[in-house]
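Take a look at the structure set out below.
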Amino acid sequence: MTLLNEESMWENLKSQFILNFVKDHRYRLLLSGLLETLKITFFAVIIGVVIGIIVAAVVSSYSQNKERMKRRGGFSFHLLRFLNGICNIYLAVIRGTPTVVQLMIGYFIIWASSNNELFVASMVFGINSGAYVAEIFRSGIGSVDKGQFEAGRSIGFNYFQTMRYIIIPQAFKNVLPTLGNEAITLLKETSVAGYVGIMDLTKAGDLIRSRTYSAFLPLIAVAATYLVLVLILTFLQHKLERSLKKNER
Amino acid sequence: MSVLQVSDIKKKFGKNEVLKGISFNLEKGEVLSVIGASGSGKTTLLRCLNFLETADEGTISVNGEKIFDGKNSKRKNDAELRKDRLHFGLVFQDFNLFPQYTVFKNVTLAPTLLKTDTEENINKKALALIKRVGLIEKKDAFPCELSGGQKQRVAIARALCMNPDILCFDEPTSALDPELTGEVLNVIRGLKTGDSTMIVVTHEMGFAREVSDKIIYMADGVIEEQGSPEDIFENPKSEKLKNFLSKSLENQIKED
């Protein structure tokens, strides 16, 4: 009796598998969804890091130099103060609103005329991630010992040389684990792209579910795919960290 | 003509007056030690000389040229400030080597970037300096592979590679184990014979006495007493200095 049950369970699973993944080439939906997710994540990470570097550079150079620059005044001080204000508004707005809302605003308002879903999604997730990356870089710059700034300046470096050759290499190493976590978070966060009809991995799994009326396999497959991607990213992150830790006790 | 003329330097942090008018002269090749209790303003004085802090009042002249005047300190731009700062080299209490670069790169980085000389000459000079501080076999090591004393010796080479007129030491042995202070002090002794002009802020009384041409005793932001090592250590005039010396002697005995 139990044997029969087990057999029928396997039979059932097999037919479910065929229904959800093989019939009508449904696996292709998942594959193209996966590709879309990877593309969005890839471009969003790049956009996020670029924005993050710029914003962190403006915010931390303002906070480090404002006393000295204020004394001298002039155009560059006002420009920097203005940019600092813009960056702070950006940080507050992005971190203060939900990603899904930002996505809908991007899709239905800002880039409403664009047909390029990949572009819109990459921009929205990139701009979103940039705020978090900026905070990560800022704390990374803050984590470098003050003595390193002073050592740089005492041998005649200007602010940018000190940052470029002394502070940023150390800050980068300090923030690498957090930066890796941000990439992982971003990968998973792109799963809300389906909200505006972008066919990413999650949306593809959901589409199969709605066609086959069976939720278990498509959703488990989607979850497992994210998990594998995250494990791969984690592995790469650890490997990079180890290679950067060589000149450290 | 004096290499360094410091006149009436004052510095406040908020309401806390750390330097209340410091004046002294230093001749070429002289070694000046600055001693005094913690909080007496020794380090702040050194930082004002290196423009890591901006003094509120007073003047600083190097080789007769006035490089700082408290009355118009705001007029200088960053590039001028950097040029002035290079009259001074600074060796920090906690070394502040750049951990991501090798010993050799630590020493050559600044002169190479600021193009003080041809690359060949800079490299040659850096190697000679690393040799002089006794670390030629460590030239490709990273700072984390060095002991504290070795790190400090690299820091000395790094400061010297920029050809400062005056080399400043901010408690160069305070972060070191007692058995490592000797090697750093030996390097500084070696520099004295090499005709370098130096200012050493130190708690090592024996060393200050041995190596200095002139000693300044600071207390509460003023120069309480200054003179030759004999004057300071054998005929201290002020009560404060007598107290300070007997206390540091006690500590010395305790440590030994």
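Labeling convention for the structure tokens: chains A, B, ... as they appear, residues from 1 per chain, ligands from 1 in order of appearance.
Here is the contact set of chain B against chain A, at 6 Å and counting only C-alpha atoms: Arg82, Asn96 and Cys144 of chain B.
For Ile122 in chain B, the non-local neighbours within 12 Å, defined as residues at least 2 positions apart in the same chain or in other chains and counting only C-alpha atoms, are Phe104, Lys105, Val107, Thr108, Leu109, Ala110, Pro111, Thr112, Leu113, Leu114, Lys115, Thr116, Asp117, Thr118, Glu119, Glu120, Lys124, Lys125, Ala126, Leu127, Ala128, Leu129, Arg158, Leu160, Cys161, Met162 and Asn163 of chain B.
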| request: Mind listing the alpha helix (DSSP H) residues of range 49-242 of chain A, per DSSP on the backbone, as a PyMOL selection string? | output: chain A and resi 49-72+75-96+99-105+117-143+146-154+159-161+168-189+201-212+216-242
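Counting only C-alpha atoms and comparing A:Thr225, A:Ser63, A:Asn128, A:Ser114, the residue that lies closest to Arg95 in chain A is A:Asn128.
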| Please, which residues of range 78-228 of chain B, numbered as in this document, come out strand (DSSP E or B) from DSSP, as a ChimeraX atom specification? | /B:88-91,166-170,197-201,214-219,222-227
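The space separating CA of Lys20 in chain B from CA of Glu224 in chain B comes to 11.3 Å.
Each of B:Glu210, B:Leu45, B:Asn243, B:Ile136 was checked against Ile60 in chain B using only C-alpha atoms; the smallest atom-to-atom distance is that of B:Leu45.
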| request: Excluding range 205-212 of chain A and residues on its chain fewer than 6 positions from it, collect all residues at most 7 Å away from it, counting only C-alpha atoms, and give them as an MDAnalysis selection string. | output: chainID A and resid 20 30 218:219 222
Can you write out the residues you just picked, keeping N, CA and C atoms, as a compact mmCIF listing (two decimals), in the first residue's frame?
# COMPACT_ATOMS: atom_id res chain seq x y z
N ASN A 20 5.17 21.78 -15.65
CA ASN A 20 5.66 23.11 -15.30
C ASN A 20 6.90 23.56 -16.07
N LEU A 30 11.83 30.53 -17.60
CA LEU A 30 12.69 30.69 -16.44
C LEU A 30 14.07 31.17 -16.85
N PRO A 218 7.27 25.63 -9.60
CA PRO A 218 7.82 26.87 -10.16
C PRO A 218 8.44 27.77 -9.10
N LEU A 219 7.74 27.91 -7.98
CA LEU A 219 8.25 28.84 -6.97
C LEU A 219 9.49 28.29 -6.27
N VAL A 222 12.35 28.85 -8.56
CA VAL A 222 12.79 30.25 -8.53
C VAL A 222 13.65 30.49 -7.27
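When the distance limit is 12 Å and only C-alpha atoms are what count, the residues near Glu137 in chain B, minus those fewer than 3 positions from it on the same chain, are Val103, Phe104, Leu127, Ile130, Lys131, Arg132, Val133, Gly134, Asp140, Ala141, Leu146 and Gln150 of chain B.
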Now that the selection is made, can you save its residues with C-alpha atoms as a short mmCIF file (atom, residue, chain, number, x, y, z; two decimals), in the first residue's frame?
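After the write, out-v1.cif holds the following:
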data_model
loop_
_atom_site.label_atom_id
_atom_site.label_comp_id
_atom_site.auth_asym_id
_atom_site.auth_seq_id
_atom_site.Cartn_x
_atom_site.Cartn_y
_atom_site.Cartn_z
CA VAL B 103 58.52 49.63 2.71
CA PHE B 104 60.13 50.88 -0.50
CA LEU B 127 67.38 52.78 -1.00
CA ILE B 130 66.31 52.45 3.95
CA LYS B 131 69.85 51.20 4.28
CA ARG B 132 70.68 53.97 6.69
CA VAL B 133 67.85 52.95 9.02
CA GLY B 134 69.08 49.36 8.73
CA ASP B 140 59.90 44.69 -0.11
CA ALA B 141 58.09 43.80 3.11
CA LEU B 146 57.54 44.64 10.62
CA GLN B 150 61.15 48.71 12.32
#
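Minimum atom-to-atom distance to Asp165 in chain B, evaluated using only C-alpha atoms, belongs to B:Lys28 out of B:Arg209, B:Arg189, B:Lys28, B:Lys237.
Separating CA of Arg138 in chain A from CA of Gly74 in chain A is a distance of 25.4 Å.
CA of Gln102 in chain A is found 19.8 Å from CA of Leu201 in chain A.
Distances from A:Thr41, A:Ser243, A:Ser214, A:Ser139 to Leu118 in chain A were compared using only C-alpha atoms, and the smallest one belongs to A:Thr41.
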